[in-house]
Structure formats: structure tokens, C-alpha cells
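J.: Dropping in work.cif, with mmCIF, C-alpha atoms.
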data_target
#
loop_
_atom_site.label_atom_id
_atom_site.label_comp_id
_atom_site.auth_asym_id
_atom_site.auth_seq_id
_atom_site.Cartn_x
_atom_site.Cartn_y
_atom_site.Cartn_z
CA MET A 1 8.91 -12.33 3.78
CA ASN A 2 12.37 -13.47 2.73
CA ALA A 3 11.79 -13.40 -1.05
CA LEU A 4 10.97 -9.68 -0.97
CA GLN A 5 13.90 -8.89 1.32
CA GLU A 6 16.26 -10.83 -0.94
CA LYS A 7 14.96 -8.97 -3.98
CA ILE A 8 15.43 -5.61 -2.20
CA LEU A 9 19.02 -6.51 -1.27
CA LYS A 10 19.79 -7.77 -4.78
CA ASP A 11 18.10 -5.10 -6.91
CA GLY A 12 17.14 -2.20 -4.64
CA ILE A 13 19.19 1.00 -4.74
CA VAL A 14 19.47 3.30 -1.73
CA LYS A 15 19.46 6.96 -2.71
CA GLN A 16 20.13 10.09 -0.69
CA GLY A 17 17.12 11.38 1.24
CA ASN A 18 15.90 7.96 2.50
CA ILE A 19 14.74 6.90 -0.97
CA LEU A 20 14.76 3.23 -1.89
CA LYS A 21 14.67 2.71 -5.65
CA VAL A 22 12.91 -0.57 -6.46
CA ASP A 23 11.70 0.27 -9.95
CA SER A 24 13.33 -2.82 -11.47
CA PHE A 25 10.83 -5.15 -9.76
CA LEU A 26 8.14 -3.27 -7.81
CA ASN A 27 6.93 0.00 -9.27
CA HIS A 28 8.07 0.36 -12.88
CA GLN A 29 9.09 -3.06 -14.14
CA MET A 30 7.09 -5.59 -12.12
CA ASP A 31 8.03 -9.05 -10.87
CA VAL A 32 4.64 -10.75 -11.13
CA GLU A 33 5.84 -14.00 -9.51
CA LEU A 34 7.04 -12.00 -6.51
CA PHE A 35 3.67 -10.18 -6.40
CA ASN A 36 1.94 -13.57 -6.40
CA GLU A 37 4.00 -14.71 -3.40
CA MET A 38 3.16 -11.44 -1.65
CA GLY A 39 -0.54 -12.03 -2.30
CA LYS A 40 -0.32 -15.53 -0.82
CA GLU A 41 1.39 -14.15 2.27
CA TRP A 42 -1.26 -11.46 2.82
CA LYS A 43 -3.98 -14.08 2.37
CA LYS A 44 -2.40 -16.05 5.25
CA ARG A 45 -1.94 -12.99 7.45
CA PHE A 46 -5.54 -11.79 6.99
CA GLU A 47 -7.11 -15.24 7.25
CA GLY A 48 -10.56 -15.07 8.83
CA LYS A 49 -11.08 -11.38 8.05
CA LYS A 50 -14.17 -10.30 6.11
CA ILE A 51 -12.59 -8.91 2.93
CA ASP A 52 -15.10 -7.69 0.34
CA LYS A 53 -12.77 -5.43 -1.64
CA ILE A 54 -9.16 -4.34 -1.84
CA LEU A 55 -8.48 -0.59 -1.93
CA THR A 56 -5.24 0.92 -3.18
CA ILE A 57 -3.99 4.19 -4.64
CA GLU A 58 -2.69 4.82 -8.14
CA ALA A 59 -0.32 4.04 -9.61
CA SER A 60 2.21 1.74 -7.95
CA GLY A 61 -0.25 -0.03 -5.68
CA ILE A 62 -2.55 -1.18 -8.49
CA ALA A 63 -0.54 -4.12 -9.83
CA ILE A 64 0.26 -5.47 -6.36
CA ALA A 65 -3.38 -5.13 -5.29
CA CYS A 66 -4.65 -6.89 -8.44
CA ILE A 67 -2.39 -9.91 -7.95
CA ALA A 68 -3.28 -10.05 -4.23
CA ALA A 69 -6.99 -9.83 -5.08
CA GLN A 70 -6.77 -13.14 -6.94
CA HIS A 71 -5.99 -14.83 -3.62
CA PHE A 72 -8.96 -13.18 -1.90
CA GLY A 73 -11.39 -13.53 -4.81
CA VAL A 74 -12.48 -9.90 -4.57
CA PRO A 75 -12.37 -6.81 -6.80
CA VAL A 76 -9.84 -3.99 -6.53
CA VAL A 77 -10.79 -0.33 -6.26
CA PHE A 78 -8.09 2.28 -6.68
CA ALA A 79 -8.14 5.89 -5.57
CA LYS A 80 -7.49 8.14 -8.57
CA LYS A 81 -5.21 11.14 -8.26
CA ALA A 82 -7.02 13.18 -10.88
CA LYS A 83 -10.63 13.56 -11.91
CA SER A 84 -11.21 12.41 -15.47
CA VAL A 85 -14.13 12.87 -17.84
CA ASN A 86 -15.25 9.27 -17.35
CA LEU A 87 -15.67 9.71 -13.58
CA ASP A 88 -19.23 10.66 -12.76
CA GLY A 89 -21.54 10.69 -9.78
CA GLU A 90 -20.70 11.31 -6.17
CA MET A 91 -17.13 10.85 -4.92
CA TYR A 92 -15.25 10.26 -1.72
CA THR A 93 -12.15 12.44 -1.57
CA ALA A 94 -9.09 12.75 0.63
CA GLU A 95 -5.95 14.82 0.43
CA VAL A 96 -2.73 12.81 0.52
CA GLU A 97 0.90 13.85 0.52
CA SER A 98 3.51 11.75 -1.28
CA PHE A 99 6.85 11.25 0.49
CA THR A 100 8.56 10.23 -2.77
CA HIS A 101 7.08 12.86 -5.07
CA LYS A 102 6.96 15.67 -2.46
CA ASN A 103 3.50 16.80 -3.53
CA LYS A 104 -0.12 16.70 -2.40
CA ASN A 105 -2.96 15.14 -4.36
CA THR A 106 -6.67 14.96 -3.78
CA VAL A 107 -7.55 11.32 -4.37
CA ILE A 108 -10.98 10.26 -5.56
CA VAL A 109 -13.08 7.10 -5.25
CA SER A 110 -16.56 6.88 -6.74
CA LYS A 111 -19.17 6.28 -4.04
CA LYS A 112 -20.65 3.43 -6.08
CA PHE A 113 -17.53 1.27 -5.53
CA ILE A 114 -17.34 1.22 -1.71
CA SER A 115 -20.51 0.49 0.23
CA GLU A 116 -21.55 0.75 3.83
CA GLY A 117 -20.68 -2.33 5.85
CA GLU A 118 -18.08 -3.71 3.44
CA GLY A 119 -14.79 -5.09 4.75
CA ILE A 120 -11.89 -3.37 3.01
CA LEU A 121 -8.28 -4.51 2.82
CA ILE A 122 -5.93 -1.66 1.93
CA ILE A 123 -2.84 -2.67 -0.08
CA ASP A 124 0.04 -0.40 -1.11
CA ASP A 125 3.67 -0.63 -2.18
CA PHE A 126 5.35 1.66 0.37
CA LEU A 127 4.71 3.04 3.82
CA ALA A 128 6.83 5.98 4.96
CA ASN A 129 4.94 8.73 6.80
CA GLY A 130 1.49 7.17 6.43
CA CYS A 131 -0.19 10.06 4.62
CA ALA A 132 -1.56 7.94 1.76
CA LEU A 133 -2.89 5.36 4.21
CA GLN A 134 -4.61 8.03 6.29
CA GLY A 135 -6.33 9.28 3.13
CA LEU A 136 -7.50 5.77 2.18
CA ILE A 137 -8.69 5.10 5.75
CA HIS A 138 -10.65 8.36 5.62
CA ILE A 139 -12.36 7.26 2.39
CA VAL A 140 -13.29 3.85 3.87
CA GLN A 141 -14.70 5.50 7.00
CA ALA A 142 -16.64 8.07 4.95
CA ALA A 143 -18.29 5.18 3.09
CA GLY A 144 -19.35 3.52 6.34
CA ALA A 145 -17.15 0.53 5.46
CA HIS A 146 -14.54 -1.08 7.74
CA VAL A 147 -10.77 -1.34 7.34
CA GLU A 148 -10.16 -5.04 7.98
CA GLY A 149 -6.42 -4.71 7.53
CA ILE A 150 -3.58 -3.01 5.72
CA GLY A 151 -0.97 -4.82 3.63
CA ILE A 152 2.24 -3.02 2.70
CA ALA A 153 5.06 -4.38 0.56
CA ILE A 154 7.88 -2.24 2.01
CA GLU A 155 7.66 -0.23 5.23
CA LYS A 156 10.31 2.27 6.18
CA GLY A 157 10.34 1.38 9.87
CA PHE A 158 12.58 4.32 10.73
CA GLN A 159 9.79 6.73 9.70
CA ALA A 160 6.65 7.38 11.73
CA GLY A 161 3.94 5.96 9.45
CA GLY A 162 3.90 2.35 10.61
CA ARG A 163 3.91 3.23 14.31
CA MET A 164 1.12 5.78 13.80
CA ILE A 165 -1.12 3.37 11.85
CA ARG A 166 -0.56 0.56 14.38
CA ASN A 167 -1.32 2.98 17.23
CA MET A 168 -4.65 3.70 15.52
CA GLY A 169 -5.49 0.02 16.11
CA TYR A 170 -5.22 -1.34 12.57
CA GLN A 171 -3.72 -4.71 11.67
CA LEU A 172 -0.79 -3.57 9.54
CA GLU A 173 1.12 -6.35 7.79
CA SER A 174 4.28 -5.13 6.08
CA LEU A 175 6.18 -7.83 4.20
CA ALA A 176 9.56 -6.10 4.53
CA ILE A 177 10.31 -3.55 7.24
CA ILE A 178 13.48 -1.54 6.78
CA ASP A 179 14.95 -0.16 10.00
CA ALA A 180 17.92 1.62 8.41
CA MET A 181 19.35 2.56 5.02
CA ASP A 182 22.71 4.16 4.23
CA TRP A 183 22.97 5.71 0.78
CA GLU A 184 26.76 6.09 1.00
CA THR A 185 27.38 2.38 1.58
CA GLY A 186 24.13 1.10 0.02
CA THR A 187 23.39 -0.98 3.12
CA ILE A 188 19.86 -1.89 4.15
CA THR A 189 18.94 -3.25 7.59
CA PHE A 190 15.68 -5.17 7.98
CA ARG A 191 13.65 -5.56 11.13
CA GLU A 192 13.66 -9.13 12.46
#
Represent the structure contained in this file as C-alpha cells.
T.:
Amino acid sequence: MNALQEKILKDGIVKQGNILKVDSFLNHQMDVELFNEMGKEWKKRFEGKKIDKILTIEASGIAIACIAAQHFGVPVVFAKKAKSVNLDGEMYTAEVESFTHKNKNTVIVSKKFISEGEGILIIDDFLANGCALQGLIHIVQAAGAHVEGIGIAIEKGFQAGGRMIRNMGYQLESLAIIDAMDWETGTITFRE
């Protein structure tokens, strides 16, 4: 998706440690028009799939998933990283490790929001090592639902996550795949 790649080249900042800072448009300040274009693109790429709900993980995936959901006409469920007093009933849980934050979280989804037999589209902002996706896949499987596809805004193609998820047989649609980043020169190379 050229619009996302152009935005990454214009406003993204490569930092040491294979970090891509995109907080000016993706995960702090948000470019809603760009998110809308991303949602349209995922709608095309997952055409014909049975999508009953979109599942994401807090916090950065929520806004992207909500805009995408408008194109699918379905609700969004997000995995919470902390149990709060307003969460009640039975929960699906999975442990996920964050590449960016270098920590582990147990994520939680109430069992009343994902049902057996539902088609689930997973949407998230980044894919690096695939730990968050594995956790979300685990939750979908525990519910007896089906992962119909996975939409990622930015995939770090030089890390193992994308290859691993594709090898598991899932339709993974990343809108921008980065094959290389150099923090010293600030250069970013996209996969064709």
C-alpha cells in the first residue's frame, strides 16, 4: 500500500535496535484518513471471508481496528493487558511478549465477546516476532472460533514473525513490509 509506505518514509524515524518510530501518524497521533485507506485495502484483501468480528490488542491496534471495522460492518473486540474491576465473568487469556516494550503481559478477552464458530479477523499495527499474534490466535482457538485472516499495518520482514505466521497457514496481509532499516542513515527498504 503506497500511501502507508510514503507516510513511513516521510514521517517515520528509524531508531537503534530495529525500532521504527511512527508515533506521529500511527500509534500516538493518528492519521484517520490513512487508517480509512488501510481499512479499505484490508476489505479488498479479505473479500469473501466470513468476518464476524475484528480482534486486536490494546492499545495501538484499537484505532486501526475500529476504522477497519467500518468497512466490514462488524464489532471490534480488543484484548486487555490488565484486568480491571469492570471485567467480570469467564476470560480467555494468553501471555504475550512485546518487542517494543520488552515485557510480557497476560492479555484478557471476556468469553462473552468471542463465540464458537465465529470468523475472526485479527488486526494490529506492527508485526515483529509474532508473539502478540500467537496470543490472539490462541484466544480465538480457545473460543472455538476461526482466524479468517490477519491484517498488519507494518511488518518487519527481516524478523521471524511474518514467516512463522504464514507457515502456520494463515492469510497474513501486511500493508507495508520492511526488509531493512538502518538507524545510522535513516534508510528504510520495503519489500516489493
J.: List, as a compact mmCIF listing (two decimals) with C-alpha atoms, in the coordinates of the input, every residue that the PyMOL selection byres ((chain A and resi 76) around 8) selects in the file provided.
T.:
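part21.txt written:
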# COMPACT_ATOMS: atom_id res chain seq x y z
CA LYS A 53 -12.77 -5.43 -1.64
CA ILE A 54 -9.16 -4.34 -1.84
CA LEU A 55 -8.48 -0.59 -1.93
CA THR A 56 -5.24 0.92 -3.18
CA ALA A 65 -3.38 -5.13 -5.29
CA CYS A 66 -4.65 -6.89 -8.44
CA ALA A 69 -6.99 -9.83 -5.08
CA VAL A 74 -12.48 -9.90 -4.57
CA PRO A 75 -12.37 -6.81 -6.80
CA VAL A 77 -10.79 -0.33 -6.26
CA PHE A 78 -8.09 2.28 -6.68
J.: Given only C-alpha atoms as the basis, pick out the residue of A:Arg163, A:Lys81, A:Lys49, A:Lys43 nearest to Ala68 (chain A).
T.: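 Among A:Arg163, A:Lys81, A:Lys49, A:Lys43, it is A:Lys43 that comes nearest to Ala68 (chain A).
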J.: What separation in Å, quoted to one decimal, exists between CA of Ala143 (chain A) and CA of Thr106 (chain A)?
T.: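 We find that CA of Ala143 (chain A) and CA of Thr106 (chain A) lie 16.7 Å from each other.
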J.: Assuming the chain letters and numbering stay as they are in my file, what does the PyMOL selection byres ((chain A and resi 113) around 12) actually select? List them as a list in words.
T.: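 Applied to this file, the PyMOL selection byres ((chain A and resi 113) around 12) selects Asp52, Lys53, Ile54, Leu55, Pro75, Val76, Val77, Phe78, Ala79, Leu87, Asp88, Gly89, Glu90, Met91, Tyr92, Ile108, Val109, Ser110, Lys111, Lys112, Ile114, Ser115, Glu116, Glu118, Ile120, Ile139, Val140, Ala143 and Ala145 of chain A.
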J.: Would you compute the distance between CA of Glu47 (chain A) and CA of Arg191 (chain A)? Give it in Å to one decimal.
T.: 23.2 Å
J.: Could you tell me which residues the PyMOL selection byres ((chain A and resi 17) around 10) returns for this structure, as a PDB file with C-alpha atoms, keeping the file's coordinate frame?
T.:
ATOM      1  CA  VAL A  14      19.470   3.300  -1.730  1.00  0.00           C
ATOM      2  CA  LYS A  15      19.460   6.960  -2.710  1.00  0.00           C
ATOM      3  CA  GLN A  16      20.130  10.090  -0.690  1.00  0.00           C
ATOM      4  CA  ASN A  18      15.900   7.960   2.500  1.00  0.00           C
ATOM      5  CA  ILE A  19      14.740   6.900  -0.970  1.00  0.00           C
ATOM      6  CA  LEU A  20      14.760   3.230  -1.890  1.00  0.00           C
ATOM      7  CA  THR A 100       8.560  10.230  -2.770  1.00  0.00           C
ATOM      8  CA  MET A 181      19.350   2.560   5.020  1.00  0.00           C
ATOM      9  CA  ASP A 182      22.710   4.160   4.230  1.00  0.00           C
ATOM     10  CA  TRP A 183      22.970   5.710   0.780  1.00  0.00           C
TER      11      TRP A 183
END
J.: Find the residue from A:Asp125, A:Glu33, A:Glu173, A:Asp179 that sits nearest to Phe158 (chain A); use only C-alpha atoms when measuring.
T.: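 Checking each candidate against Phe158 (chain A), we get A:Asp179 as the closest.
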J.: Report, in Å to a single decimal, how far apart CA of Glu95 (chain A) and CA of Leu136 (chain A) are.
T.: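 Result for CA of Leu136 (chain A) versus CA of Glu95 (chain A): 9.3 Å, one decimal.
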J.: Residues at most 10 Å from Asn27 (chain A), counting all atoms listed in the file, excluding those fewer than 3 positions away in the same chain, as number ranges by chain?
T.: A: 21-24, 30-31, 59-64, 125-126
